[in-house]
Amino acid sequence: MDGGSRIHYGKLVERGTILAKEKIQAIQDRLAKLENMRAEIQRSELIQKSDAMVRCRFPTMNLLLAPYPENDAEMKVLALFHSLVRTAERSGLTINYFSGRLLHCQGSRSELLFYIGADVPEGVRELPENLLRLPAGEYLCCKQAAPAIEHAETIFPEQFALDYEKYVIESELSLGEYDCAAPPFELCCSLPNDLAP
């Protein structure tokens with residue numbers, strides 16, 4: 001109403017339309033995330049059932065990184081996780097369900113890092129310096145009963161014999177039925193671009 005007896009139906013309809021479209025977009029975004037999670041569960045279950053290496057294609061991933069502590073005490077890792085979450089919140093990023101350890105190998109150098117996955121919403125201009133945009137690519141993946149990234153070189157001997165920049169990702173398998181007491185893990189090693197189809 002406009003001060004007295006006038007109602008601006010046009011403005012009300014326009015505002016209602018904007019709100020409805022925003023709600024539809026939010027629902028579509030949630031559905032897309034759920035579909036991504038469903039695909040990850042299916043991929044994880046394939047890894048869990050296989051006794052061999054499984055070749056998987058990963059999409060581009062945004063990872064917030066921090067050096068992994070030499071003494072991997074649970075409290076230090078938890079503090080790292082919270083620190084990365086705060087970085088994401090300050091930067092306007094959205095945390096996703098992906099977290100674990102990342103081994104970055106280039107030449108004779110290797111660096112062990114802790115990561116959490118982050119989505120970059122539209123409109124975010126300034127990205128934190130510790131955000132790695134890992135390009136889409138082919139990975140060789142295998143299940144592990146326990147964390148084993150320190151043994152990546154013996155688990156992926158053929159890949160480590162080749163001289164290329166590689167990433168080894170370690171995370172818990174995202175199974176449809178998850179055992180909190182004994183979660184299974186996976187290791188995934190990036191393949192060189194010339195081996196990718």
# chains A, B, ... in the order shown; residues from 1 in each chain; ligands from 1
call {"tool": "residues_around", "arguments": {"residues": "A:Ser50", "least_positions_apart": "2", "cutoff": "12 Å", "atoms": "only C-alpha atoms", "output": "PyMOL selection string"}}
result
chain A and resi 43-48+52-55+141-144+186
call {"tool": "select_by_dssp", "arguments": {"residues": "stretch 27-165 of chain A", "states": "strand (DSSP E or B)", "output": "PDB file with N, CA and C atoms, in the first residue's frame"}}
result
ATOM      1  N   VAL A  54      41.249 -48.959  -9.784  1.00  0.00           N
ATOM      2  CA  VAL A  54      40.121 -48.515 -10.599  1.00  0.00           C
ATOM      3  C   VAL A  54      40.467 -47.142 -11.167  1.00  0.00           C
ATOM      4  N   ARG A  55      40.282 -47.004 -12.444  1.00  0.00           N
ATOM      5  CA  ARG A  55      40.551 -45.718 -13.098  1.00  0.00           C
ATOM      6  C   ARG A  55      39.296 -44.858 -13.019  1.00  0.00           C
ATOM      7  N   CYS A  56      39.444 -43.646 -12.504  1.00  0.00           N
ATOM      8  CA  CYS A  56      38.303 -42.742 -12.327  1.00  0.00           C
ATOM      9  C   CYS A  56      38.633 -41.376 -12.910  1.00  0.00           C
ATOM     10  N   ARG A  57      37.621 -40.716 -13.392  1.00  0.00           N
ATOM     11  CA  ARG A  57      37.781 -39.320 -13.850  1.00  0.00           C
ATOM     12  C   ARG A  57      37.208 -38.418 -12.774  1.00  0.00           C
ATOM     13  N   PHE A  58      38.028 -37.489 -12.295  1.00  0.00           N
ATOM     14  CA  PHE A  58      37.583 -36.526 -11.290  1.00  0.00           C
ATOM     15  C   PHE A  58      37.335 -35.184 -11.956  1.00  0.00           C
ATOM     16  N   MET A  61      38.516 -29.683  -8.950  1.00  0.00           N
ATOM     17  CA  MET A  61      38.244 -29.576  -7.514  1.00  0.00           C
ATOM     18  C   MET A  61      38.959 -28.356  -6.950  1.00  0.00           C
ATOM     19  N   ASN A  62      38.261 -27.616  -6.100  1.00  0.00           N
ATOM     20  CA  ASN A  62      38.866 -26.513  -5.365  1.00  0.00           C
ATOM     21  C   ASN A  62      39.177 -27.015  -3.964  1.00  0.00           C
ATOM     22  N   LEU A  63      40.450 -26.939  -3.587  1.00  0.00           N
ATOM     23  CA  LEU A  63      40.869 -27.455  -2.290  1.00  0.00           C
ATOM     24  C   LEU A  63      41.568 -26.354  -1.497  1.00  0.00           C
ATOM     25  N   LEU A  64      41.116 -26.153  -0.264  1.00  0.00           N
ATOM     26  CA  LEU A  64      41.830 -25.268   0.659  1.00  0.00           C
ATOM     27  C   LEU A  64      42.887 -26.108   1.351  1.00  0.00           C
ATOM     28  N   LEU A  65      44.137 -25.631   1.366  1.00  0.00           N
ATOM     29  CA  LEU A  65      45.260 -26.429   1.821  1.00  0.00           C
ATOM     30  C   LEU A  65      45.968 -25.827   3.029  1.00  0.00           C
ATOM     31  N   ALA A  66      46.563 -26.709   3.823  1.00  0.00           N
ATOM     32  CA  ALA A  66      47.452 -26.316   4.915  1.00  0.00           C
ATOM     33  C   ALA A  66      48.494 -27.417   5.056  1.00  0.00           C
ATOM     34  N   PRO A  67      49.735 -27.068   5.398  1.00  0.00           N
ATOM     35  CA  PRO A  67      50.747 -28.111   5.601  1.00  0.00           C
ATOM     36  C   PRO A  67      50.283 -29.103   6.670  1.00  0.00           C
ATOM     37  N   THR A  94      32.018 -21.995   0.025  1.00  0.00           N
ATOM     38  CA  THR A  94      31.143 -22.975   0.639  1.00  0.00           C
ATOM     39  C   THR A  94      31.912 -24.284   0.783  1.00  0.00           C
ATOM     40  N   ILE A  95      31.942 -24.819   1.998  1.00  0.00           N
ATOM     41  CA  ILE A  95      32.636 -26.086   2.242  1.00  0.00           C
ATOM     42  C   ILE A  95      31.781 -27.230   1.701  1.00  0.00           C
ATOM     43  N   ASN A  96      32.439 -28.206   1.043  1.00  0.00           N
ATOM     44  CA  ASN A  96      31.700 -29.402   0.649  1.00  0.00           C
ATOM     45  C   ASN A  96      32.157 -30.581   1.511  1.00  0.00           C
ATOM     46  N   TYR A  97      31.742 -31.776   1.182  1.00  0.00           N
ATOM     47  CA  TYR A  97      31.946 -32.951   2.034  1.00  0.00           C
ATOM     48  C   TYR A  97      33.334 -33.569   1.899  1.00  0.00           C
ATOM     49  N   PHE A  98      34.189 -33.039   1.064  1.00  0.00           N
ATOM     50  CA  PHE A  98      35.461 -33.651   0.707  1.00  0.00           C
ATOM     51  C   PHE A  98      36.577 -33.143   1.612  1.00  0.00           C
ATOM     52  N   SER A  99      37.323 -34.036   2.273  1.00  0.00           N
ATOM     53  CA  SER A  99      38.490 -33.621   3.064  1.00  0.00           C
ATOM     54  C   SER A  99      39.436 -34.811   3.208  1.00  0.00           C
ATOM     55  N   GLY A 100      40.688 -34.511   3.525  1.00  0.00           N
ATOM     56  CA  GLY A 100      41.667 -35.573   3.691  1.00  0.00           C
ATOM     57  C   GLY A 100      43.080 -35.046   3.570  1.00  0.00           C
ATOM     58  N   ARG A 101      43.973 -35.896   3.047  1.00  0.00           N
ATOM     59  CA  ARG A 101      45.369 -35.495   2.869  1.00  0.00           C
ATOM     60  C   ARG A 101      45.724 -35.542   1.377  1.00  0.00           C
ATOM     61  N   LEU A 102      46.645 -34.667   1.003  1.00  0.00           N
ATOM     62  CA  LEU A 102      47.066 -34.546  -0.386  1.00  0.00           C
ATOM     63  C   LEU A 102      48.587 -34.565  -0.424  1.00  0.00           C
ATOM     64  N   LEU A 103      49.145 -35.418  -1.266  1.00  0.00           N
ATOM     65  CA  LEU A 103      50.583 -35.461  -1.480  1.00  0.00           C
ATOM     66  C   LEU A 103      50.850 -34.858  -2.850  1.00  0.00           C
ATOM     67  N   HIS A 104      51.590 -33.752  -2.868  1.00  0.00           N
ATOM     68  CA  HIS A 104      51.940 -33.085  -4.125  1.00  0.00           C
ATOM     69  C   HIS A 104      53.393 -33.412  -4.437  1.00  0.00           C
ATOM     70  N   CYS A 105      53.627 -34.056  -5.579  1.00  0.00           N
ATOM     71  CA  CYS A 105      54.975 -34.481  -5.955  1.00  0.00           C
ATOM     72  C   CYS A 105      55.360 -33.833  -7.276  1.00  0.00           C
ATOM     73  N   GLN A 106      56.530 -33.196  -7.279  1.00  0.00           N
ATOM     74  CA  GLN A 106      57.060 -32.606  -8.506  1.00  0.00           C
ATOM     75  C   GLN A 106      58.570 -32.775  -8.492  1.00  0.00           C
ATOM     76  N   ARG A 109      60.826 -33.308  -5.232  1.00  0.00           N
ATOM     77  CA  ARG A 109      60.167 -32.668  -4.085  1.00  0.00           C
ATOM     78  C   ARG A 109      58.769 -33.232  -3.872  1.00  0.00           C
ATOM     79  N   SER A 110      58.411 -33.396  -2.620  1.00  0.00           N
ATOM     80  CA  SER A 110      57.033 -33.786  -2.290  1.00  0.00           C
ATOM     81  C   SER A 110      56.598 -33.021  -1.045  1.00  0.00           C
ATOM     82  N   GLU A 111      55.311 -32.733  -0.991  1.00  0.00           N
ATOM     83  CA  GLU A 111      54.754 -31.977   0.127  1.00  0.00           C
ATOM     84  C   GLU A 111      53.447 -32.628   0.556  1.00  0.00           C
ATOM     85  N   LEU A 112      53.324 -32.896   1.848  1.00  0.00           N
ATOM     86  CA  LEU A 112      52.105 -33.492   2.396  1.00  0.00           C
ATOM     87  C   LEU A 112      51.238 -32.380   2.971  1.00  0.00           C
ATOM     88  N   LEU A 113      49.988 -32.340   2.531  1.00  0.00           N
ATOM     89  CA  LEU A 113      49.072 -31.263   2.903  1.00  0.00           C
ATOM     90  C   LEU A 113      47.758 -31.831   3.422  1.00  0.00           C
ATOM     91  N   PHE A 114      47.068 -31.039   4.221  1.00  0.00           N
ATOM     92  CA  PHE A 114      45.697 -31.347   4.633  1.00  0.00           C
ATOM     93  C   PHE A 114      44.793 -30.489   3.766  1.00  0.00           C
ATOM     94  N   TYR A 115      43.653 -31.024   3.357  1.00  0.00           N
ATOM     95  CA  TYR A 115      42.757 -30.237   2.500  1.00  0.00           C
ATOM     96  C   TYR A 115      41.302 -30.403   2.928  1.00  0.00           C
ATOM     97  N   ILE A 116      40.530 -29.393   2.577  1.00  0.00           N
ATOM     98  CA  ILE A 116      39.072 -29.513   2.589  1.00  0.00           C
ATOM     99  C   ILE A 116      38.575 -28.994   1.247  1.00  0.00           C
ATOM    100  N   GLY A 117      37.531 -29.626   0.732  1.00  0.00           N
ATOM    101  CA  GLY A 117      36.961 -29.194  -0.534  1.00  0.00           C
ATOM    102  C   GLY A 117      36.123 -27.947  -0.337  1.00  0.00           C
ATOM    103  N   ALA A 118      36.157 -27.069  -1.325  1.00  0.00           N
ATOM    104  CA  ALA A 118      35.390 -25.824  -1.241  1.00  0.00           C
ATOM    105  C   ALA A 118      34.765 -25.521  -2.595  1.00  0.00           C
ATOM    106  N   ASP A 119      33.563 -25.015  -2.562  1.00  0.00           N
ATOM    107  CA  ASP A 119      32.910 -24.538  -3.776  1.00  0.00           C
ATOM    108  C   ASP A 119      33.036 -23.021  -3.802  1.00  0.00           C
ATOM    109  N   LEU A 131      44.188 -21.679  -1.770  1.00  0.00           N
ATOM    110  CA  LEU A 131      43.201 -22.431  -2.548  1.00  0.00           C
ATOM    111  C   LEU A 131      43.881 -23.009  -3.784  1.00  0.00           C
ATOM    112  N   LEU A 132      43.819 -24.317  -3.935  1.00  0.00           N
ATOM    113  CA  LEU A 132      44.355 -24.994  -5.117  1.00  0.00           C
ATOM    114  C   LEU A 132      43.186 -25.392  -6.003  1.00  0.00           C
ATOM    115  N   ARG A 133      43.255 -24.997  -7.259  1.00  0.00           N
ATOM    116  CA  ARG A 133      42.248 -25.436  -8.236  1.00  0.00           C
ATOM    117  C   ARG A 133      42.860 -26.620  -8.981  1.00  0.00           C
ATOM    118  N   LEU A 134      42.488 -27.803  -8.538  1.00  0.00           N
ATOM    119  CA  LEU A 134      43.020 -29.038  -9.112  1.00  0.00           C
ATOM    120  C   LEU A 134      42.240 -29.341 -10.388  1.00  0.00           C
ATOM    121  N   GLY A 137      40.761 -34.549 -14.263  1.00  0.00           N
ATOM    122  CA  GLY A 137      41.713 -35.491 -14.832  1.00  0.00           C
ATOM    123  C   GLY A 137      41.444 -36.925 -14.428  1.00  0.00           C
ATOM    124  N   GLU A 138      42.275 -37.803 -14.969  1.00  0.00           N
ATOM    125  CA  GLU A 138      42.177 -39.238 -14.700  1.00  0.00           C
ATOM    126  C   GLU A 138      43.036 -39.594 -13.487  1.00  0.00           C
ATOM    127  N   TYR A 139      42.501 -40.456 -12.637  1.00  0.00           N
ATOM    128  CA  TYR A 139      43.194 -40.919 -11.435  1.00  0.00           C
ATOM    129  C   TYR A 139      43.112 -42.437 -11.364  1.00  0.00           C
ATOM    130  N   LEU A 140      44.129 -43.032 -10.791  1.00  0.00           N
ATOM    131  CA  LEU A 140      44.133 -44.446 -10.474  1.00  0.00           C
ATOM    132  C   LEU A 140      43.801 -44.552  -8.993  1.00  0.00           C
ATOM    133  N   CYS A 141      42.736 -45.278  -8.640  1.00  0.00           N
ATOM    134  CA  CYS A 141      42.238 -45.301  -7.261  1.00  0.00           C
ATOM    135  C   CYS A 141      42.219 -46.727  -6.713  1.00  0.00           C
ATOM    136  N   CYS A 142      42.465 -46.824  -5.404  1.00  0.00           N
ATOM    137  CA  CYS A 142      42.392 -48.125  -4.743  1.00  0.00           C
ATOM    138  C   CYS A 142      41.962 -47.928  -3.292  1.00  0.00           C
ATOM    139  N   LYS A 143      41.328 -48.968  -2.753  1.00  0.00           N
ATOM    140  CA  LYS A 143      40.894 -48.899  -1.353  1.00  0.00           C
ATOM    141  C   LYS A 143      42.056 -49.233  -0.437  1.00  0.00           C
ATOM    142  N   GLN A 144      41.971 -48.717   0.781  1.00  0.00           N
ATOM    143  CA  GLN A 144      42.972 -48.979   1.819  1.00  0.00           C
ATOM    144  C   GLN A 144      42.215 -49.184   3.130  1.00  0.00           C
TER     145      GLN A 144
END
call {"tool": "atom_distance", "arguments": {"atom1": "atom CA of A:Leu173", "atom2": "atom CA of A:Pro128"}}
result
27.5 Å
call {"tool": "atom_distance", "arguments": {"atom1": "atom CA of A:Ser174", "atom2": "atom CA of A:Asn36"}}
result
11.5 Å
call {"tool": "atom_distance", "arguments": {"atom1": "atom CA of A:Glu165", "atom2": "atom CA of A:Pro192"}}
result
7.8 Å
call {"tool": "closest_residue", "arguments": {"among": "A:Ala73, A:Gly107, A:Leu19, A:Leu127", "to": "A:Arg90", "atoms": "only C-alpha atoms"}}
result
A:Leu127
call {"tool": "closest_residue", "arguments": {"among": "A:Glu150, A:Glu35, A:Glu40, A:Glu22", "to": "A:Glu172", "atoms": "only C-alpha atoms"}}
result
A:Glu40
call {"tool": "closest_residue", "arguments": {"among": "A:Lys23, A:Arg15, A:His151, A:Lys49", "to": "A:Leu175", "atoms": "only C-alpha atoms"}}
result
A:Lys49
call {"tool": "select_by_dssp", "arguments": {"residues": "stretch 91-188 of chain A", "states": "helix (DSSP H, G or I)", "output": "number ranges by chain"}}
result
A: 91, 149-155, 157-161
call {"tool": "closest_residue", "arguments": {"among": "A:Gly176, A:Thr17, A:Phe81, A:Ala148", "to": "A:Tyr68", "atoms": "only C-alpha atoms"}}
result
A:Phe81
